[in-house]
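Structure data follow from protein-v2.txt (compact mmCIF, C-alpha atoms):
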```txt
# COMPACT_ATOMS: atom_id res chain seq x y z
CA MET A 4 33.75 42.38 38.72
CA THR A 5 30.64 40.95 40.39
CA LYS A 6 29.00 37.61 39.45
CA VAL A 7 26.08 39.52 37.92
CA HIS A 8 28.40 41.56 35.70
CA ARG A 9 30.27 38.43 34.61
CA ARG A 10 26.99 36.69 33.70
CA CYS A 11 25.72 39.71 31.76
CA GLY A 12 29.01 39.98 29.93
CA ALA A 13 28.91 36.29 28.96
CA ALA A 14 25.32 36.53 27.75
CA SER A 15 26.14 39.63 25.71
CA ALA A 16 29.11 37.88 24.08
CA ALA A 17 26.96 34.84 23.22
CA LEU A 18 24.30 37.01 21.60
CA THR A 19 26.96 38.84 19.60
CA ILE A 20 28.41 35.57 18.27
CA LEU A 21 24.91 34.27 17.41
CA ALA A 22 24.08 37.48 15.55
CA LEU A 23 27.32 37.42 13.58
CA THR A 24 26.76 33.74 12.69
CA TYR A 25 23.22 34.46 11.49
CA LEU A 26 24.37 37.41 9.36
CA THR A 27 27.42 35.74 7.84
CA VAL A 28 25.97 32.27 6.99
CA PRO A 29 23.19 32.66 4.41
CA THR A 30 20.43 30.04 4.27
CA VAL A 31 17.59 29.31 1.92
CA ALA A 32 15.15 30.23 4.68
CA ASN A 33 16.45 33.75 5.42
CA GLU A 34 17.86 34.72 2.05
CA GLY A 35 15.86 32.78 -0.54
CA THR A 36 16.83 31.89 -4.11
CA GLY A 37 15.08 34.99 -5.45
CA LYS A 38 17.61 37.33 -3.79
CA MET A 39 20.66 35.44 -5.04
CA THR A 40 22.60 36.19 -8.20
CA ASP A 41 22.86 33.54 -10.91
CA ALA A 42 26.46 32.92 -9.90
CA GLN A 43 25.44 32.38 -6.27
CA LYS A 44 22.66 30.02 -7.29
CA GLU A 45 25.06 28.08 -9.49
CA LYS A 46 27.54 27.79 -6.64
CA ALA A 47 24.88 26.70 -4.12
CA ALA A 48 23.50 24.13 -6.58
CA ALA A 49 26.97 22.72 -7.26
CA LYS A 50 27.64 22.44 -3.54
CA ALA A 51 24.38 20.57 -2.89
CA ALA A 52 25.05 18.27 -5.87
CA SER A 53 28.54 17.52 -4.53
CA GLN A 54 27.05 16.66 -1.15
CA ALA A 55 24.51 14.40 -2.88
CA GLU A 56 27.27 12.49 -4.65
CA GLY A 57 29.07 12.11 -1.34
CA PHE A 58 25.99 10.52 0.23
CA ALA A 59 25.49 8.30 -2.83
CA ALA A 60 29.09 7.08 -2.57
CA LYS A 61 28.28 5.93 0.97
CA GLY A 62 25.11 4.20 -0.22
CA ASP A 63 22.78 6.72 1.40
CA PHE A 64 20.58 7.36 -1.64
CA ARG A 65 17.78 8.92 0.39
CA MET A 66 20.02 11.74 1.53
CA ALA A 67 21.43 11.96 -1.99
CA VAL A 68 17.90 12.58 -3.30
CA GLU A 69 17.30 15.23 -0.63
CA ARG A 70 20.48 17.10 -1.56
CA TYR A 71 19.56 17.00 -5.24
CA ASP A 72 16.18 18.43 -4.22
CA VAL A 73 18.12 21.41 -2.89
CA ALA A 74 20.37 21.62 -5.94
CA LEU A 75 17.35 21.68 -8.24
CA GLU A 76 15.80 24.53 -6.27
CA TYR A 77 18.80 26.64 -7.29
CA ALA A 78 19.27 25.32 -10.83
CA GLU A 79 17.09 22.98 -12.87
CA LYS A 80 19.76 21.15 -14.84
CA ALA A 81 19.28 18.01 -16.89
CA GLU A 82 22.29 16.43 -15.20
CA TYR A 83 20.83 16.96 -11.73
CA LEU A 84 17.46 15.55 -12.80
CA VAL A 85 19.12 12.50 -14.33
CA LYS A 86 21.09 11.86 -11.15
CA ARG A 87 18.07 12.29 -8.90
CA GLY A 88 15.98 10.12 -11.21
CA THR A 89 18.66 7.41 -11.09
CA PHE A 90 18.70 7.49 -7.28
CA HIS A 91 14.89 7.34 -7.19
CA HIS A 92 15.17 4.26 -9.39
CA VAL A 93 17.63 2.67 -6.94
CA LEU A 94 15.23 3.40 -4.06
CA GLY A 95 12.32 1.82 -5.94
CA ASN A 96 10.51 5.10 -6.60
CA HIS A 97 10.07 4.26 -10.27
CA LEU A 98 7.30 6.72 -11.08
CA ARG A 99 9.37 9.57 -9.64
CA ALA A 100 12.37 8.30 -11.57
CA VAL A 101 10.39 8.43 -14.82
CA SER A 102 9.17 11.95 -14.02
CA ASP A 103 12.71 13.23 -13.37
CA LEU A 104 14.21 11.55 -16.43
CA GLN A 105 11.44 12.73 -18.73
CA ARG A 106 11.92 16.29 -17.48
CA ALA A 107 15.68 16.00 -18.02
CA LEU A 108 15.11 14.93 -21.63
CA GLU A 109 12.77 17.87 -22.16
CA ILE A 110 15.69 20.12 -21.21
CA ASP A 111 18.29 18.09 -23.13
CA PRO A 112 16.69 15.59 -25.56
CA ALA A 113 20.06 14.10 -26.48
CA HIS A 114 21.25 13.45 -22.92
CA GLN A 115 22.68 9.95 -23.33
CA ARG A 116 22.73 8.97 -19.68
CA GLY A 117 19.16 10.19 -19.35
CA LEU A 118 18.04 8.13 -22.34
CA LYS A 119 19.80 5.01 -21.08
CA SER A 120 18.46 5.39 -17.55
CA LEU A 121 14.91 6.02 -18.74
CA GLY A 122 15.12 2.99 -21.04
CA LYS A 123 16.19 0.80 -18.12
CA VAL A 124 13.40 2.08 -15.89
CA TYR A 125 10.84 1.45 -18.64
CA ILE A 126 12.10 -2.14 -18.99
CA LYS A 127 11.74 -2.81 -15.26
CA MET A 128 8.23 -1.35 -15.33
CA GLY A 129 7.26 -3.53 -18.30
CA LYS A 130 6.60 -0.51 -20.53
CA PHE A 131 8.02 -2.22 -23.59
CA SER A 132 6.94 0.24 -26.27
CA GLN A 133 8.34 3.24 -24.37
CA ALA A 134 11.56 1.35 -23.60
CA ARG A 135 12.01 0.45 -27.26
CA ASP A 136 11.45 4.03 -28.47
CA THR A 137 13.79 5.50 -25.84
CA LEU A 138 16.62 3.08 -26.56
CA GLN A 139 16.27 3.53 -30.33
CA LYS A 140 16.65 7.27 -29.85
CA ALA A 141 19.74 6.63 -27.69
CA ILE A 142 21.28 4.52 -30.46
CA GLU A 143 20.59 7.22 -33.06
CA ASN A 144 22.31 9.86 -30.92
CA GLU A 145 25.28 7.66 -29.98
CA THR A 146 28.54 7.57 -31.97
CA ALA A 147 30.57 5.04 -29.98
CA GLN A 148 29.94 1.51 -31.25
CA LYS A 149 30.62 -0.03 -27.83
CA THR A 150 27.84 2.02 -26.26
CA LYS A 151 25.52 1.23 -29.16
CA ASN A 152 26.11 -2.47 -28.50
CA GLU A 153 25.06 -1.94 -24.87
CA TYR A 154 21.82 -0.37 -26.05
CA GLN A 155 21.26 -3.26 -28.45
CA LYS A 156 21.58 -5.70 -25.53
CA LEU A 157 18.97 -3.72 -23.63
CA LEU A 158 16.69 -3.86 -26.68
CA ALA A 159 17.12 -7.64 -26.75
CA LYS A 160 15.93 -7.74 -23.13
CA VAL A 161 12.87 -5.74 -24.14
CA GLU A 162 11.99 -8.24 -26.87
CA GLU A 163 12.56 -11.24 -24.60
CA ALA A 164 10.49 -9.82 -21.74
CA GLU A 165 7.65 -8.77 -24.04
CA GLN A 166 7.52 -12.18 -25.69
CA SER A 167 7.45 -13.98 -22.32
CA THR A 168 4.67 -11.67 -21.15
CA ASN A 169 2.55 -12.30 -24.24
CA VAL A 170 3.03 -16.08 -24.00
CA ALA A 171 2.14 -16.04 -20.29
CA SER A 172 -1.01 -13.99 -20.92
CA ALA A 173 -2.17 -16.32 -23.72
CA ALA A 174 -1.42 -19.42 -21.63
CA LEU A 175 -3.47 -18.08 -18.73
CA GLU A 176 -6.46 -17.38 -20.99
CA GLU A 177 -6.21 -20.92 -22.41
CA GLY A 178 -5.98 -22.50 -18.98
CA ARG A 179 -2.35 -23.63 -19.33
CA VAL A 180 -1.52 -22.57 -15.80
CA ASP A 181 1.96 -24.08 -15.51
CA ASP A 182 3.05 -22.39 -18.74
CA ALA A 183 1.60 -19.09 -17.54
CA ILE A 184 3.53 -19.33 -14.27
CA HIS A 185 6.78 -20.25 -16.03
CA HIS A 186 6.69 -17.52 -18.67
CA SER A 187 5.45 -14.77 -16.35
CA ALA A 188 8.29 -15.66 -13.93
CA SER A 189 10.74 -15.37 -16.85
CA ALA A 190 9.35 -11.95 -17.76
CA LEU A 191 9.65 -10.76 -14.15
CA LYS A 192 13.40 -11.33 -14.25
CA HIS A 193 13.62 -8.40 -16.67
CA CYS A 194 10.69 -6.31 -15.44
CA PRO A 195 10.21 -7.01 -11.70
CA VAL A 196 8.12 -3.90 -11.07
CA SER A 197 5.75 -4.32 -13.99
CA LEU A 198 2.17 -4.09 -12.78
CA ASP A 199 0.77 -6.13 -15.70
CA VAL A 200 3.34 -8.95 -15.47
CA ASN A 201 3.02 -9.22 -11.68
CA LEU A 202 -0.76 -9.47 -11.97
CA ILE A 203 -0.52 -12.15 -14.69
CA HIS A 204 1.87 -14.09 -12.46
CA ALA A 205 -0.40 -13.70 -9.42
CA ARG A 206 -3.51 -14.84 -11.35
CA ALA A 207 -1.64 -17.88 -12.65
CA LEU A 208 -0.51 -18.78 -9.12
CA ALA A 209 -4.09 -18.35 -7.88
CA SER A 210 -5.32 -20.74 -10.57
CA ALA A 211 -2.81 -23.28 -9.25
CA ASP A 212 -4.07 -22.75 -5.65
CA ARG A 213 -0.65 -21.44 -4.62
CA HIS A 214 -2.17 -18.77 -2.43
CA ASP A 215 0.80 -18.10 -0.17
CA GLU A 216 2.74 -17.08 -3.29
CA VAL A 217 -0.18 -14.99 -4.51
CA LEU A 218 -0.13 -13.06 -1.24
CA ARG A 219 3.62 -12.52 -1.57
CA VAL A 220 3.40 -11.23 -5.16
CA THR A 221 0.34 -9.03 -4.58
CA GLY A 222 1.91 -7.72 -1.38
CA SER A 223 4.81 -6.42 -3.44
CA VAL A 224 2.40 -4.94 -5.97
CA ALA A 225 0.48 -3.17 -3.19
CA LYS A 226 3.71 -1.49 -2.04
CA MET A 227 4.72 -0.45 -5.56
CA TYR A 228 1.22 0.57 -6.67
CA PRO A 229 -0.80 1.51 -3.55
CA GLY A 230 -4.53 1.21 -3.98
CA ASN A 231 -4.41 -1.03 -7.07
CA THR A 232 -7.84 -2.66 -7.14
CA ASP A 233 -6.79 -5.81 -9.04
CA ALA A 234 -4.07 -6.59 -6.50
CA LEU A 235 -6.42 -6.00 -3.56
CA VAL A 236 -9.10 -8.28 -5.05
CA LEU A 237 -6.55 -11.03 -5.76
CA ARG A 238 -5.32 -10.77 -2.18
CA GLY A 239 -8.88 -10.91 -0.87
CA LYS A 240 -9.67 -14.02 -2.90
CA SER A 241 -6.46 -15.71 -1.79
CA TYR A 242 -7.21 -14.97 1.84
CA LEU A 243 -10.68 -16.41 1.33
CA SER A 244 -9.24 -19.52 -0.33
CA SER A 245 -6.86 -19.83 2.62
CA GLY A 246 -9.75 -19.78 5.08
CA ASP A 247 -9.49 -16.20 6.33
CA ALA A 248 -12.85 -14.61 5.52
CA ASP A 249 -12.18 -11.58 7.73
CA MET A 250 -9.01 -10.62 5.84
CA ALA A 251 -10.85 -11.23 2.56
CA LEU A 252 -13.59 -8.79 3.60
CA LYS A 253 -10.96 -6.24 4.64
CA HIS A 254 -9.28 -6.32 1.21
CA PHE A 255 -12.56 -6.22 -0.73
CA ARG A 256 -13.60 -3.22 1.37
CA GLU A 257 -10.28 -1.51 0.64
CA ALA A 258 -10.68 -2.23 -3.08
CA LEU A 259 -14.10 -0.55 -3.03
CA ARG A 260 -12.64 2.46 -1.25
CA HIS A 261 -10.32 3.00 -4.21
CA ASP A 262 -12.83 1.96 -6.87
CA PRO A 263 -16.37 2.44 -5.51
CA ASP A 264 -17.98 1.93 -8.94
CA ASN A 265 -16.52 -1.55 -9.46
CA ARG A 266 -19.65 -3.71 -9.69
CA ASP A 267 -17.85 -7.07 -9.58
CA VAL A 268 -16.00 -6.21 -6.39
CA ARG A 269 -19.12 -4.74 -4.79
CA LYS A 270 -21.07 -7.91 -5.63
CA LEU A 271 -18.29 -10.05 -4.15
CA TYR A 272 -18.09 -7.93 -1.02
CA LYS A 273 -21.86 -7.94 -0.47
CA ALA A 274 -22.07 -11.71 -0.98
CA LEU A 275 -19.26 -12.41 1.48
CA SER A 276 -20.54 -9.89 4.01
CA LYS A 277 -24.07 -11.28 3.86
CA THR A 278 -22.89 -14.89 4.01
CA THR A 279 -20.85 -14.10 7.12
CA LYS A 280 -24.02 -12.89 8.84
CA LEU A 281 -25.98 -15.91 7.63
CA VAL A 282 -23.33 -18.29 9.00
CA ASP A 283 -23.69 -16.69 12.44
CA LYS A 284 -27.47 -16.98 12.21
CA SER A 285 -27.23 -20.58 11.03
CA ASP A 286 -24.93 -21.53 13.91
CA LYS A 287 -27.44 -20.16 16.43
CA LEU A 288 -30.37 -22.00 14.82
CA VAL A 289 -28.48 -25.33 14.80
CA SER A 290 -27.52 -24.91 18.47
CA LYS A 291 -31.19 -24.30 19.32
CA ARG A 292 -32.37 -27.11 16.96
CA ARG A 293 -34.68 -24.76 15.13
CA TRP A 294 -34.80 -26.73 11.88
CA LYS A 295 -37.59 -24.95 10.03
CA PRO A 296 -36.04 -21.45 10.04
CA LEU A 297 -32.66 -23.12 9.40
CA GLN A 298 -33.99 -24.36 6.06
CA GLU A 299 -34.75 -20.78 4.98
CA VAL A 300 -31.30 -19.54 6.03
CA LEU A 301 -29.50 -22.38 4.22
CA ASP A 302 -31.53 -21.78 1.06
CA GLU A 303 -30.48 -18.13 1.12
CA MET A 304 -26.85 -19.07 1.74
CA ASP A 305 -26.93 -21.58 -1.11
CA GLU A 306 -27.67 -18.80 -3.60
CA ILE A 307 -24.75 -16.53 -2.71
CA VAL A 308 -22.08 -18.64 -0.99
CA ILE A 309 -18.65 -18.60 -2.63
CA PRO A 310 -17.58 -22.17 -3.58
CA ASN A 311 -14.68 -23.74 -1.65
CA SER A 312 -14.81 -20.98 0.96
CA PRO A 313 -15.04 -21.49 4.75
CA HIS A 314 -18.69 -20.45 4.56
CA HIS A 315 -19.31 -23.19 1.99
CA ALA A 316 -18.04 -25.77 4.49
CA VAL A 317 -20.48 -24.49 7.13
CA LEU A 318 -23.34 -24.64 4.64
CA LEU A 319 -22.59 -28.29 3.83
CA SER A 320 -22.26 -29.23 7.50
CA HIS A 321 -25.55 -27.67 8.49
CA LYS A 322 -27.31 -28.97 5.39
CA CYS A 323 -26.19 -32.51 6.28
CA GLN A 324 -27.72 -32.23 9.74
CA LEU A 325 -30.93 -30.75 8.37
CA LEU A 326 -31.32 -33.47 5.74
CA LEU A 327 -30.78 -36.14 8.34
CA ARG A 328 -33.37 -34.52 10.55
CA GLN A 329 -35.81 -34.48 7.60
CA GLY A 330 -35.23 -38.18 7.03
CA ASP A 331 -33.35 -37.93 3.72
CA VAL A 332 -30.60 -40.34 4.82
CA GLU A 333 -28.95 -41.02 1.47
CA LYS A 334 -28.68 -37.38 0.48
CA SER A 335 -27.58 -36.53 3.98
CA MET A 336 -24.70 -39.00 3.77
CA GLU A 337 -23.60 -37.59 0.41
CA THR A 338 -23.60 -34.07 1.83
CA CYS A 339 -21.85 -35.30 4.96
CA ASP A 340 -19.04 -36.87 2.93
CA GLU A 341 -18.69 -33.67 0.91
CA ALA A 342 -18.52 -31.60 4.09
CA LEU A 343 -15.95 -33.91 5.70
CA SER A 344 -13.70 -33.67 2.64
CA HIS A 345 -13.93 -29.87 2.58
CA ARG A 346 -10.59 -28.24 3.44
CA PHE A 347 -12.26 -25.67 5.71
CA VAL A 348 -14.61 -27.87 7.73
CA ARG A 349 -14.57 -26.62 11.31
CA PRO A 350 -13.38 -29.02 14.05
CA ASN A 351 -16.70 -28.87 15.94
CA ASP A 352 -18.70 -29.46 12.76
CA LYS A 353 -16.39 -32.33 11.84
CA ALA A 354 -16.95 -34.01 15.21
CA VAL A 355 -20.74 -33.75 14.85
CA LEU A 356 -20.65 -35.03 11.27
CA LEU A 357 -18.46 -38.00 12.12
CA LYS A 358 -20.67 -38.93 15.06
CA SER A 359 -23.87 -38.67 13.03
CA ARG A 360 -22.37 -40.57 10.11
CA ALA A 361 -21.15 -43.38 12.33
CA LYS A 362 -24.53 -43.80 13.99
CA VAL A 363 -26.39 -43.80 10.67
CA LEU A 364 -24.06 -46.40 9.20
CA GLU A 365 -24.42 -48.55 12.31
CA GLU A 366 -28.20 -48.39 12.25
CA LYS A 367 -28.29 -48.84 8.49
CA ALA A 368 -26.54 -52.17 8.89
CA ARG A 369 -29.02 -53.30 11.53
CA PHE A 370 -32.38 -51.99 10.30
CA PRO A 371 -34.26 -51.73 7.01
CA ILE A 372 -34.14 -48.30 5.38
CA PHE A 373 -37.79 -47.52 6.20
CA LEU A 374 -37.04 -47.87 9.93
CA LEU A 375 -33.79 -45.95 9.64
CA VAL A 376 -35.71 -42.79 8.86
CA ARG A 377 -37.28 -42.93 12.29
CA PHE A 378 -34.01 -43.58 14.09
CA SER A 379 -32.19 -40.78 12.28
CA ARG A 380 -34.26 -38.21 14.13
CA LEU A 381 -32.72 -39.35 17.40
CA PHE A 382 -29.17 -38.49 16.37
CA LEU A 383 -29.58 -34.72 16.36
```

Structure encoded using structure tokens:
Amino acid sequence: MTKVHRRCGAASAALTILALTYLTVPTVANEGTGKMTDAQKEKAAAKAASQAEGFAAKGDFRMAVERYDVALEYAEKAEYLVKRGTFHHVLGNHLRAVSDLQRALEIDPAHQRGLKSLGKVYIKMGKFSQARDTLQKAIENETAQKTKNEYQKLLAKVEEAEQSTNVASAALEEGRVDDAIHHSASALKHCPVSLDVNLIHARALASADRHDEVLRVTGSVAKMYPGNTDALVLRGKSYLSSGDADMALKHFREALRHDPDNRDVRKLYKALSKTTKLVDKSDKLVSKRRWKPLQEVLDEMDEIVIPNSPHHAVLLSHKCQLLLRQGDVEKSMETCDEALSHRFVRPNDKAVLLKSRAKVLEEKARFPIFLLVRFSRLFL
């Protein structure tokens, strides 16, 4: 046999094997669930569910969810939905978990594992009313006292978490920041993915100027609830209070993308955006010693600047220099001291302020105040 014949024979054999494999191994793609009998669908669903449990036993819950996706294409069973919902819960996909568990209970309203799992998810999400109703229904449908006691313990967690949340909310409104932080932290032990409790905790931390912690908490919220405007605004404000105006603008802009009709956020964004431009303009006017137009820019900044922000520090620094140039020494010194004590005073501004302040104090000790006005013009 020639080499050509041998090659043709090998290719023909390979094609035959491939064809037989394709014909004898049915797949969802080439056969479809619509062409299968109920018994075949049941068998395929059971096989996929078994594979899912195998992945779950190894800790691979993502693959477990994917296999239950397949199982549910063949047969929408309450048991499969409960299992997939439970694995979604483990993966942190709480909204999907709720959807699966609710659907399971529509199919089988008395499914005990479904009721228990849904109750637990509701607790973690801080949905206290829904958790209470679900667990009460589980108790009514349960006959074993031991299991009823487990549900009662879960109900006790609901009451404890709800009480802590209410106390934290009231404390925050009344300005008792430490109490708000303490009680919201206690509530989060039971409901770590609750949007409301996380936001209460973040606002309390912000009131205590603990901005690194605010960014950590709101960062988690942003992952759990993408596009949440409240979390984005809190993050923006914390970045601003930490001296990062650019990141603050970025988060305010993102908040407006998700909620374009939010007037408070739009006002905040416009003020910060405009102040940023005015700071640049003010810096140029100071460098060129153009004091008259600087007065107009500072007046405009004064109306919209956000207190305790980096822009506020620039305003004070430039106002100090302008006042000194205008001869208002006393007021200039007051503004200078305020600028120097500001947490966001820029190094260059600080150097200029310290130099000007030192010269004024030196001359003030040597000359009467009416002569000092003349000398102050020489320092800038």

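Separating atom CA of Leu84 of chain A from atom CA of Val101 of chain A is a distance of 10.2 Å.
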
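Atom pair atom CA of Lys226 of chain A / atom CA of Gly117 of chain A: separated by 26.0 Å.
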
Item to check | Residues within 7 Å of Val73 of chain A, only C-alpha atoms, excluding chain neighbours under 4 positions, as a PyMOL selection string | outcome: chain A and resi 51+69+77

**Message:** Neighbouring residues of Ala100 of chain A were defined as those with any atom within 12 Å, considering only C-alpha atoms; residues of the same chain fewer than 4 positions away were excluded. Please report them as a VMD selection string.
**Reply:** chain A and resid 68 84 to 96 104 to 107 117 120 to 125 127 to 128

(request) Using only C-alpha atoms, collect all residues at a distance of at most 7 Å from (-26.2, -16.3, 1.4) as written in the file, then present them as number ranges by chain. (result) A: 274, 277-278, 281, 303-308

Write out, as a PDB file, in the frame of the given file, the residues just selected, with C-alpha atoms.
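Once written, out_12.pdb looks like this:
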```pdb
ATOM      1  CA  ALA A 274     -22.070 -11.710  -0.980  1.00  0.00           C
ATOM      2  CA  LYS A 277     -24.070 -11.280   3.860  1.00  0.00           C
ATOM      3  CA  THR A 278     -22.890 -14.890   4.010  1.00  0.00           C
ATOM      4  CA  LEU A 281     -25.980 -15.910   7.630  1.00  0.00           C
ATOM      5  CA  GLU A 303     -30.480 -18.130   1.120  1.00  0.00           C
ATOM      6  CA  MET A 304     -26.850 -19.070   1.740  1.00  0.00           C
ATOM      7  CA  ASP A 305     -26.930 -21.580  -1.110  1.00  0.00           C
ATOM      8  CA  GLU A 306     -27.670 -18.800  -3.600  1.00  0.00           C
ATOM      9  CA  ILE A 307     -24.750 -16.530  -2.710  1.00  0.00           C
ATOM     10  CA  VAL A 308     -22.080 -18.640  -0.990  1.00  0.00           C
TER      11      VAL A 308
END
```

May I have the residues at most 10 Å from (-6.3, -7.9, -7.6) in the file's coordinates, counting all atoms listed in the file, as a VMD selection string? chain A and resid 202 205 to 206 217 221 224 to 225 230 to 241 254 to 255 258 268

Return as AutoDock Vina command-line options the box centre and box size in Å, one decimal, for an axis-aligned box around all listed atoms of segment 238-245 of chain A padded by 3 Å per side.
```
--center_x -8.0 --center_y -15.3 --center_z -0.1 --size_x 11.4 --size_y 15.1 --size_z 11.5
```

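With only C-alpha atoms as the atoms that count, the minimum distance from Tyr228 of chain A to the choices A:Lys160, A:Lys130, A:Lys38, A:His97 is reached by A:His97.
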
From the block I gave, I'd like segment 90-97 of chain A written with all heavy atoms, as an mmCIF file, in the first residue's frame.
```cif
data_model
loop_
_atom_site.group_PDB
_atom_site.id
_atom_site.type_symbol
_atom_site.label_atom_id
_atom_site.label_comp_id
_atom_site.auth_asym_id
_atom_site.auth_seq_id
_atom_site.Cartn_x
_atom_site.Cartn_y
_atom_site.Cartn_z
ATOM 1 N N PHE A 90 -26.379 27.965 46.766
ATOM 2 C CA PHE A 90 -25.018 28.190 46.266
ATOM 3 C C PHE A 90 -24.819 29.643 45.841
ATOM 4 O O PHE A 90 -23.735 30.204 46.022
ATOM 5 C CB PHE A 90 -24.720 27.238 45.103
ATOM 6 C CG PHE A 90 -24.719 25.785 45.495
ATOM 7 C CD1 PHE A 90 -25.112 24.795 44.600
ATOM 8 C CD2 PHE A 90 -24.341 25.398 46.778
ATOM 9 C CE1 PHE A 90 -25.113 23.454 44.967
ATOM 10 C CE2 PHE A 90 -24.336 24.063 47.155
ATOM 11 C CZ PHE A 90 -24.729 23.081 46.246
ATOM 12 N N HIS A 91 -25.858 30.259 45.280
ATOM 13 C CA HIS A 91 -25.781 31.694 44.974
ATOM 14 C C HIS A 91 -25.528 32.490 46.257
ATOM 15 O O HIS A 91 -24.743 33.446 46.272
ATOM 16 C CB HIS A 91 -27.087 32.172 44.331
ATOM 17 C CG HIS A 91 -27.118 32.029 42.838
ATOM 18 N ND1 HIS A 91 -26.099 32.468 42.025
ATOM 19 C CD2 HIS A 91 -28.074 31.500 42.002
ATOM 20 C CE1 HIS A 91 -26.399 32.227 40.756
ATOM 21 N NE2 HIS A 91 -27.578 31.634 40.716
ATOM 22 N N HIS A 92 -26.196 32.090 47.312
ATOM 23 C CA HIS A 92 -26.043 32.748 48.613
ATOM 24 C C HIS A 92 -24.594 32.630 49.093
ATOM 25 O O HIS A 92 -24.000 33.609 49.573
ATOM 26 C CB HIS A 92 -27.003 32.105 49.617
ATOM 27 C CG HIS A 92 -26.894 32.651 51.007
ATOM 28 N ND1 HIS A 92 -26.840 33.993 51.283
ATOM 29 C CD2 HIS A 92 -26.843 32.025 52.212
ATOM 30 C CE1 HIS A 92 -26.757 34.180 52.591
ATOM 31 N NE2 HIS A 92 -26.735 33.010 53.169
ATOM 32 N N VAL A 93 -24.009 31.446 48.953
ATOM 33 C CA VAL A 93 -22.616 31.221 49.356
ATOM 34 C C VAL A 93 -21.673 32.109 48.546
ATOM 35 O O VAL A 93 -20.699 32.649 49.075
ATOM 36 C CB VAL A 93 -22.232 29.738 49.171
ATOM 37 C CG1 VAL A 93 -20.734 29.536 49.405
ATOM 38 C CG2 VAL A 93 -23.034 28.855 50.125
ATOM 39 N N LEU A 94 -21.979 32.294 47.265
ATOM 40 C CA LEU A 94 -21.138 33.101 46.380
ATOM 41 C C LEU A 94 -21.364 34.601 46.550
ATOM 42 O O LEU A 94 -20.665 35.420 45.943
ATOM 43 C CB LEU A 94 -21.396 32.713 44.915
ATOM 44 C CG LEU A 94 -20.915 31.315 44.498
ATOM 45 C CD1 LEU A 94 -21.471 30.956 43.124
ATOM 46 C CD2 LEU A 94 -19.398 31.251 44.490
ATOM 47 N N GLY A 95 -22.357 34.963 47.361
ATOM 48 C CA GLY A 95 -22.638 36.389 47.573
ATOM 49 C C GLY A 95 -23.621 36.986 46.589
ATOM 50 O O GLY A 95 -23.849 38.198 46.590
ATOM 51 N N ASN A 96 -24.215 36.130 45.754
ATOM 52 C CA ASN A 96 -25.230 36.614 44.800
ATOM 53 C C ASN A 96 -26.607 36.559 45.464
ATOM 54 O O ASN A 96 -27.445 35.730 45.144
ATOM 55 C CB ASN A 96 -25.220 35.744 43.535
ATOM 56 C CG ASN A 96 -23.863 35.690 42.884
ATOM 57 O OD1 ASN A 96 -23.123 36.676 42.898
ATOM 58 N ND2 ASN A 96 -23.498 34.545 42.325
ATOM 59 N N HIS A 97 -26.826 37.455 46.415
ATOM 60 C CA HIS A 97 -27.995 37.348 47.288
ATOM 61 C C HIS A 97 -29.317 37.607 46.561
ATOM 62 O O HIS A 97 -30.327 36.967 46.865
ATOM 63 C CB HIS A 97 -27.829 38.295 48.477
ATOM 64 C CG HIS A 97 -26.574 38.041 49.245
ATOM 65 N ND1 HIS A 97 -26.374 36.896 49.984
ATOM 66 C CD2 HIS A 97 -25.429 38.753 49.355
ATOM 67 C CE1 HIS A 97 -25.174 36.925 50.536
ATOM 68 N NE2 HIS A 97 -24.581 38.046 50.166
#
```
